[in-house]
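All remarks here apply to the structure that follows.
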Amino acid sequence: MSKMNPRDDRYDPQAVEVKWQRRWDERRTNAADLTKAKRPYFNLMMFPYPSAEGLHVGNVFAFVGSDVHGRFRRLQGRDVFEPIGFDAFGIHSENYALKVNTHPAQLIPQNINRFRVQLKRIGLMFDWDHEVQTTDPGYYRWTQWIFLKLFEAGLAVKKKAPVNWCPECKTVLANEQVINGMCERHPDTPVEQRFLEQWFFRITEYAERLLENLKTIDWSESTRLMQTNWIGRSEGAELVFQTEGGIPIRVFTTRPDTIFGATYMVLAPEHPLVERLTVPEQRSAVHAYRQQAAAMDIVSRRIGEKEKTGVFTGAYCVNPATGERIPVWIADYVLMEYGTGAIMAVPGHDERDWQFATRFALEIRPVVQPDEGAEPDVPSTEGVPPLFTGWNGTMLNSAQFDGMPCRDAATAITAWLEQREAGTRKVQYRLHDWCISRQRYWGPPIPVIYCDACGTVPVPERDLPVILPPLEDFRPDESGVSPLARAKEWYRVPCPTCGAEARRETDVSDTFLDSAWYFLRYPSTDFDDQPFDAALTRKWLPVDSYIGGNEHAVLHLMYARFITMALHDLGHLGFEEPFTRFRAHGMIVKDGAKMSKSRGNVVIPDEYITQWGADTFRMYLMFLGPYQEGGDFRDEGISGIRRFLDKVWGLVNVATFEGGEIAAPTMRKLHQTISGVAEDLEELRYNTAIAKLMEYVNVLRGRGTDDAAVPDLCTELLEPLVIMLAPLAPHFAEECWERLGHDTSVFAASWPAFDPALAAEEEIELVVQVNGRVRGRVSVPVGIEQADAVARALEVEAVRKFVEGKPLRKTIYVENRLVNLVV
Ligand SMILES: [Zn+2]
Ligand SMILES: [Zn+2]
């Protein structure tokens, strides 16, 4: 028995981490061979926005969890490509630049450098040769190219639309960026509605496919649910009501069965027919109301919990089912952007219509009789008819449809109206077109030129990129026109078609467009003349694993799917879903509270890494709780992880290289650990994987650590431990691996082989007695606890008949021998 390299030095994380980070760089350990890889595995994480504050612990938590997965796959024999980049355009960077009065073009590279240093310290397996920066003209050239492709296909259109406008940001906001009527970046600034010309991507054309494909992709259930709700598919009918002047007004309803109860109609204040329909004596009231509505943001109108308001236009239309004339109102609870911007109001069976009708004393006519046992939402009081919104009822006051169940009536009434050319079946989506234009400076210019003679002319592909002009004063203003209009020389440009003097589009595109395709670029960063090389893309995409936060469930993740689908349809990609597997990670809090600057409880990753080392910090983050749920960061917990690594260090440094006979229980524990840890890592249950490794180490330590001659501490037991630890604590594992006599990286090793026979619990036969007489035998694992032994004994058929129906007085258990049941 020989003992090589006796070492008694202590574990020094700083020394170990610096050494291995340098060696990884020198030996290009983390650079995947993209062309030669045999079993490619694209391990993606959400690239960060390089803020001035540096890396947030939330980023670190997300990245480490993804890195553990990538390293685990690598040990399983995959050629893992783990790239990173920076999402550096956008209003966050620009606002910060304004605040500190430094140009973003100067600020962003500084921030990126700082991020790079931080990211390297954490020991992530990034392939830095393929870094992407969205602000690089070599990158945004292709962002603009994507715009051109969508424009050619008719999927990028300019249209006038009501949009959310933040007077502080001085730009449009997506609906998701409006929180309780306020700007997400300016919680005290109410968002206004403006009617502006904007560029839109027609994502709504893809609504059905975006929804349908959710059934087949392997994504976190929570994320799929959020996307499903966001797409918001509803089935119903589009019905046509004629005004007395013969103007058709279309409405969408999910309840065509209730049309006999439609006692009035409501248009959105912005509805284009309002002007035409309003009678002279109502004009000033309607005008005032429309102005009031225009000042409100769409989101708070959509939530619609406030008291209902509205104005009568003085016009009437005809209910196509009853033939009755019903009044036409306008009200802000009806949105132009949803459906047709008009509704048939059925106050007996729709909550908002009921509130509105109650307020303005409009007729409420019940047309659904609730089934036996079904309760109305609001019972009838003081002559006001009840509100019932359920489907579980039958028709009344509905002519020939009386007595029919609601669902049948919905089909029958739609068919009847279809015959009379007053309606058609229709599917409606909540999803809106994606507004991609921003009236700001820090983004890729939208590659379009306006010519008085030729109209809207796309910039020819050979002229890409349209470089963002350097502009000293890049502040946005009230006008709603982008600061780029002030770059006079840049703004005036000859028309690519006729050569006459023309003007550039001055809006830049949304940052979500930059991030909607970055994963396509990673493998192809070496190619200047195309966005993504066909062979590399075929080999590496779609992405095998994507891990990120659910706050991106409905924006980034939806847009990336849409862009991929569109590029697929246009013949540029061979797949239509970008991310085969997506997992949402959880959130971490500090001492039970959400981290925030104002609370002063923000965990600064650098401080912890300096104090404890990256490996301890990584493992502690992964030990906080189930990765997909998150956990609570407490300073006192981190030392436990460090003690664990110290123990492993101790074991490795007294290891012997030739084991004697390894005891069966130790071997069993090893193989149970191999299989358990692999299962946990597979499912991102990092916390329980770590717990299993700790148990295994305790078993090894129970067999002595003080003497090198202890046969149980042979490399046969320690090497698998080091490999299993490697995804979690990579520098530490490399150092241990070297100390166990290897001169190649631990990541060149294979995940330890699992032998189910060795893992199986040893079984013995237990004699089962009832009142002292042998009634049967049962096979149980060695050393089973008394309660488990009794439970197993009671399962034996031959035993059951002697104990059934009799209370168990007491049980006697002789370990590994017998169990006696006294009844
Ligand atoms: Zn704002
Ligand atoms: Zn022209």
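Going through the structure tokens in order, the chains are called A, B, and so on, while each chain numbers its residues from 1 and the ligands are numbered from 1 in the order shown.
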
Practice task
Could you give me the residues within 10 Å of ligand 1, counting only C-alpha atoms and all ligand atoms, as a PyMOL selection string?
Solution key: chain A and resi 91+95+165-173+177-178+182-191

Export N, CA and C atoms of the chosen residues as a tab-separated table (two decimals), in the first residue's frame?
chain	number	residue	atom	x	y	z
A	91	ILE	N	-33.19	51.01	-22.96
A	91	ILE	CA	-33.52	52.21	-22.21
A	91	ILE	C	-32.89	52.22	-20.82
A	95	ASN	N	-30.95	55.42	-19.76
A	95	ASN	CA	-31.37	56.23	-18.61
A	95	ASN	C	-30.23	56.39	-17.60
A	165	TRP	N	-47.62	55.67	-23.24
A	165	TRP	CA	-46.54	56.64	-23.34
A	165	TRP	C	-46.14	57.07	-21.94
A	166	CYS	N	-44.85	56.88	-21.61
A	166	CYS	CA	-44.39	57.37	-20.31
A	166	CYS	C	-43.78	58.75	-20.51
A	167	PRO	N	-44.36	59.77	-19.87
A	167	PRO	CA	-43.83	61.12	-20.05
A	167	PRO	C	-42.43	61.29	-19.46
A	168	GLU	N	-42.04	60.42	-18.55
A	168	GLU	CA	-40.67	60.48	-18.01
A	168	GLU	C	-39.69	59.81	-18.96
A	169	CYS	N	-40.01	58.59	-19.36
A	169	CYS	CA	-39.14	57.87	-20.30
A	169	CYS	C	-39.17	58.53	-21.67
A	170	LYS	N	-40.25	59.21	-21.96
A	170	LYS	CA	-40.48	59.84	-23.26
A	170	LYS	C	-40.41	58.82	-24.40
A	171	THR	N	-41.02	57.69	-24.14
A	171	THR	CA	-41.12	56.70	-25.19
A	171	THR	C	-42.31	55.80	-24.92
A	172	VAL	N	-42.62	54.93	-25.88
A	172	VAL	CA	-43.74	54.01	-25.69
A	172	VAL	C	-43.30	52.87	-24.77
A	173	LEU	N	-44.27	52.30	-24.11
A	173	LEU	CA	-44.02	51.16	-23.24
A	173	LEU	C	-44.87	49.99	-23.72
A	177	GLN	N	-45.01	46.62	-19.27
A	177	GLN	CA	-44.15	47.55	-18.54
A	177	GLN	C	-44.96	48.58	-17.78
A	178	VAL	N	-46.29	48.44	-17.83
A	178	VAL	CA	-47.17	49.35	-17.10
A	178	VAL	C	-47.68	48.60	-15.87
A	182	MET	N	-48.85	52.83	-13.76
A	182	MET	CA	-47.62	53.62	-13.67
A	182	MET	C	-46.53	52.94	-14.51
A	183	CYS	N	-45.52	53.74	-14.86
A	183	CYS	CA	-44.39	53.20	-15.60
A	183	CYS	C	-43.58	52.29	-14.68
A	184	GLU	N	-43.11	51.16	-15.17
A	184	GLU	CA	-42.35	50.25	-14.30
A	184	GLU	C	-41.04	50.88	-13.83
A	185	ARG	N	-40.51	51.79	-14.65
A	185	ARG	CA	-39.27	52.44	-14.23
A	185	ARG	C	-39.53	53.71	-13.42
A	186	HIS	N	-40.77	54.21	-13.51
A	186	HIS	CA	-41.13	55.45	-12.79
A	186	HIS	C	-42.43	55.20	-12.05
A	187	PRO	N	-42.34	54.61	-10.88
A	187	PRO	CA	-43.55	54.19	-10.16
A	187	PRO	C	-44.48	55.34	-9.78
A	188	ASP	N	-44.03	56.61	-9.91
A	188	ASP	CA	-44.89	57.73	-9.59
A	188	ASP	C	-45.43	58.43	-10.83
A	189	THR	N	-45.10	57.88	-12.00
A	189	THR	CA	-45.51	58.56	-13.23
A	189	THR	C	-46.64	57.80	-13.92
A	190	PRO	N	-47.84	58.41	-13.94
A	190	PRO	CA	-48.94	57.75	-14.66
A	190	PRO	C	-48.63	57.67	-16.15
A	191	VAL	N	-48.97	56.54	-16.71
A	191	VAL	CA	-48.72	56.32	-18.12
A	191	VAL	C	-49.89	56.91	-18.92

Sorted by chain and rising residue number, which residues of chain A lie within 8 Å of ligand 2, and what are their closest atom pairs and distances in Å to one decimal, counting only C-alpha atoms and all ligand atoms, as CSV?
residue,atom,partner,partner_atom_place_in_ligand_line,distance
A:Tyr450,CA,ligand 2,1 (Zn),7.8
A:Cys451,CA,ligand 2,1 (Zn),4.7
A:Asp452,CA,ligand 2,1 (Zn),6.5
A:Ala453,CA,ligand 2,1 (Zn),4.9
A:Cys454,CA,ligand 2,1 (Zn),4.1
A:Gly455,CA,ligand 2,1 (Zn),6.9
A:Val457,CA,ligand 2,1 (Zn),7.6
A:Pro494,CA,ligand 2,1 (Zn),7.9
A:Cys495,CA,ligand 2,1 (Zn),4.6
A:Pro496,CA,ligand 2,1 (Zn),6.6
A:Thr497,CA,ligand 2,1 (Zn),5.0
A:Cys498,CA,ligand 2,1 (Zn),4.1
A:Gly499,CA,ligand 2,1 (Zn),5.9
A:Ala500,CA,ligand 2,1 (Zn),5.6
A:Glu501,CA,ligand 2,1 (Zn),7.7
A:Ala502,CA,ligand 2,1 (Zn),7.0

Just-selected residues, N, CA and C atoms written as a CSV table (one decimal), in the first residue's frame:
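As a result, result08.csv now contains:
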chain,number,residue,atom,x,y,z
A,450,TYR,N,-37.6,56.9,-46.0
A,450,TYR,CA,-38.8,57.5,-46.5
A,450,TYR,C,-38.5,58.4,-47.7
A,451,CYS,N,-39.1,58.2,-48.8
A,451,CYS,CA,-38.9,59.0,-50.0
A,451,CYS,C,-40.3,59.5,-50.5
A,452,ASP,N,-40.3,60.8,-50.8
A,452,ASP,CA,-41.6,61.4,-51.2
A,452,ASP,C,-42.1,60.8,-52.4
A,453,ALA,N,-41.3,60.3,-53.3
A,453,ALA,CA,-41.7,59.7,-54.6
A,453,ALA,C,-42.0,58.2,-54.4
A,454,CYS,N,-41.1,57.5,-53.6
A,454,CYS,CA,-41.2,56.0,-53.6
A,454,CYS,C,-41.9,55.5,-52.3
A,455,GLY,N,-42.1,56.4,-51.3
A,455,GLY,CA,-42.8,55.9,-50.1
A,455,GLY,C,-41.8,55.3,-49.2
A,457,VAL,N,-39.1,52.8,-48.2
A,457,VAL,CA,-38.2,52.0,-48.9
A,457,VAL,C,-37.3,51.3,-47.9
A,494,PRO,N,-29.9,59.7,-49.7
A,494,PRO,CA,-30.5,59.6,-51.0
A,494,PRO,C,-31.4,58.3,-51.0
A,495,CYS,N,-32.5,58.4,-51.7
A,495,CYS,CA,-33.4,57.3,-51.8
A,495,CYS,C,-32.7,56.1,-52.5
A,496,PRO,N,-32.7,54.9,-51.9
A,496,PRO,CA,-32.0,53.8,-52.6
A,496,PRO,C,-32.7,53.4,-53.9
A,497,THR,N,-33.9,53.8,-54.1
A,497,THR,CA,-34.6,53.5,-55.4
A,497,THR,C,-34.5,54.5,-56.5
A,498,CYS,N,-34.8,55.8,-56.1
A,498,CYS,CA,-34.7,56.8,-57.2
A,498,CYS,C,-33.6,57.8,-57.0
A,499,GLY,N,-32.9,57.8,-55.9
A,499,GLY,CA,-31.8,58.7,-55.7
A,499,GLY,C,-32.1,60.1,-55.2
A,500,ALA,N,-33.4,60.4,-55.2
A,500,ALA,CA,-33.9,61.7,-54.7
A,500,ALA,C,-33.5,61.8,-53.2
A,501,GLU,N,-33.5,63.0,-52.7
A,501,GLU,CA,-33.2,63.2,-51.3
A,501,GLU,C,-34.4,62.6,-50.4
A,502,ALA,N,-34.0,61.8,-49.5
A,502,ALA,CA,-35.0,61.1,-48.7
A,502,ALA,C,-34.6,61.2,-47.2

Looking only at helix (DSSP H, G or I) from DSSP on the backbone, list the matching residues of region 397-506 of chain A as a short mmCIF file (atom, residue, chain, number, x, y, z; two decimals) with N, CA and C atoms, in the first residue's frame.
data_model
loop_
_atom_site.label_atom_id
_atom_site.label_comp_id
_atom_site.auth_asym_id
_atom_site.auth_seq_id
_atom_site.Cartn_x
_atom_site.Cartn_y
_atom_site.Cartn_z
N ALA A 399 -86.89 33.06 -27.82
CA ALA A 399 -87.71 32.55 -28.92
C ALA A 399 -87.58 31.04 -29.08
N GLN A 400 -87.24 30.59 -30.29
CA GLN A 400 -87.23 29.15 -30.57
C GLN A 400 -86.13 28.40 -29.82
N PHE A 401 -85.18 29.15 -29.20
CA PHE A 401 -84.08 28.48 -28.51
C PHE A 401 -84.38 28.22 -27.03
N CYS A 406 -77.14 26.10 -22.60
CA CYS A 406 -76.36 27.23 -23.13
C CYS A 406 -75.37 26.83 -24.23
N ARG A 407 -74.61 25.76 -23.98
CA ARG A 407 -73.57 25.40 -24.96
C ARG A 407 -74.18 25.02 -26.30
N ASP A 408 -75.26 24.27 -26.26
CA ASP A 408 -75.94 23.91 -27.51
C ASP A 408 -76.49 25.15 -28.18
N ALA A 409 -77.03 26.05 -27.35
CA ALA A 409 -77.62 27.28 -27.90
C ALA A 409 -76.56 28.14 -28.58
N ALA A 410 -75.33 28.16 -28.01
CA ALA A 410 -74.27 28.96 -28.61
C ALA A 410 -74.01 28.51 -30.04
N THR A 411 -73.96 27.20 -30.24
CA THR A 411 -73.74 26.65 -31.59
C THR A 411 -74.96 26.92 -32.48
N ALA A 412 -76.14 26.64 -31.94
CA ALA A 412 -77.36 26.77 -32.75
C ALA A 412 -77.63 28.22 -33.15
N ILE A 413 -77.42 29.13 -32.21
CA ILE A 413 -77.70 30.54 -32.50
C ILE A 413 -76.69 31.09 -33.51
N THR A 414 -75.40 30.68 -33.36
CA THR A 414 -74.40 31.13 -34.33
C THR A 414 -74.77 30.63 -35.73
N ALA A 415 -75.17 29.37 -35.84
CA ALA A 415 -75.55 28.81 -37.14
C ALA A 415 -76.76 29.56 -37.72
N TRP A 416 -77.71 29.86 -36.86
CA TRP A 416 -78.92 30.59 -37.29
C TRP A 416 -78.57 31.99 -37.80
N LEU A 417 -77.64 32.68 -37.06
CA LEU A 417 -77.23 34.02 -37.48
C LEU A 417 -76.38 33.96 -38.75
N GLU A 418 -75.60 32.87 -38.88
CA GLU A 418 -74.78 32.68 -40.08
C GLU A 418 -75.67 32.63 -41.32
N GLN A 419 -76.78 31.88 -41.21
CA GLN A 419 -77.74 31.77 -42.32
C GLN A 419 -78.31 33.13 -42.70
N GLU A 461 -29.95 45.40 -48.38
CA GLU A 461 -29.13 44.56 -47.49
C GLU A 461 -27.65 44.91 -47.55
N ARG A 462 -27.17 45.28 -48.77
CA ARG A 462 -25.73 45.57 -48.91
C ARG A 462 -25.34 46.82 -48.11
N ASP A 463 -26.32 47.66 -47.75
CA ASP A 463 -26.01 48.88 -46.99
C ASP A 463 -26.09 48.68 -45.48
N PRO A 483 -34.46 61.14 -30.87
CA PRO A 483 -33.32 62.06 -30.94
C PRO A 483 -32.52 61.89 -32.23
N LEU A 484 -32.66 60.76 -32.90
CA LEU A 484 -31.89 60.54 -34.14
C LEU A 484 -32.24 61.56 -35.21
N ALA A 485 -33.43 62.17 -35.10
CA ALA A 485 -33.82 63.19 -36.08
C ALA A 485 -32.88 64.39 -36.00
N ARG A 486 -32.18 64.52 -34.88
CA ARG A 486 -31.27 65.67 -34.72
C ARG A 486 -29.91 65.40 -35.37
N LYS A 488 -28.50 65.48 -38.25
CA LYS A 488 -28.91 65.98 -39.57
C LYS A 488 -28.26 65.26 -40.76
N GLU A 489 -26.94 65.06 -40.67
CA GLU A 489 -26.25 64.45 -41.81
C GLU A 489 -26.64 63.00 -42.01
N TRP A 490 -26.93 62.39 -40.93
CA TRP A 490 -27.32 60.97 -40.97
C TRP A 490 -28.75 60.83 -41.47
N TYR A 491 -29.58 61.76 -41.01
CA TYR A 491 -31.02 61.71 -41.25
C TYR A 491 -31.34 61.85 -42.75
#

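Computed from the coordinates, the CA of Phe388 (chain A) to CA of Asp350 (chain A) distance equals 7.4 Å.
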
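CA of Leu621 (chain A) sits 11.4 Å away from CA of Val603 (chain A).
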
Problem - Near-Leu555 (chain A) list (10 Å; only C-alpha atoms; drop same-chain fewer than 3 positions) as a ChimeraX atom specification - result: /A:174,176,227,230,434,512,516,550-552,558-560

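With only C-alpha atoms as the atoms that count, the residue of A:Pro256, A:Pro366, A:Gly70, A:Pro13 with the shortest distance to Ala726 (chain A) is A:Gly70.
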
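For Leu794 (chain A), the non-local neighbours within 9 Å, defined as residues at least 3 positions apart in the same chain or in other chains and counting only C-alpha atoms, are Val768, Ala789, Val790, Ala791, Glu797, Val799, Arg800, Val803 and Leu821 of chain A.
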
Practice task
Find the spatial neighbours of Arg643 (chain A), counting only C-alpha atoms, within a cut-off of 12 Å - ignore same-chain residues fewer than 2 positions away - and output them as a list in words.
Solution key: Arg10, Tyr11, Trp612, Thr616, Met619, Tyr620, Gly637, Ile638, Ser639, Gly640, Ile641, Leu645, Asp646, Lys647, Val648, Trp649, Gly650, Met694 and Val697 of chain A
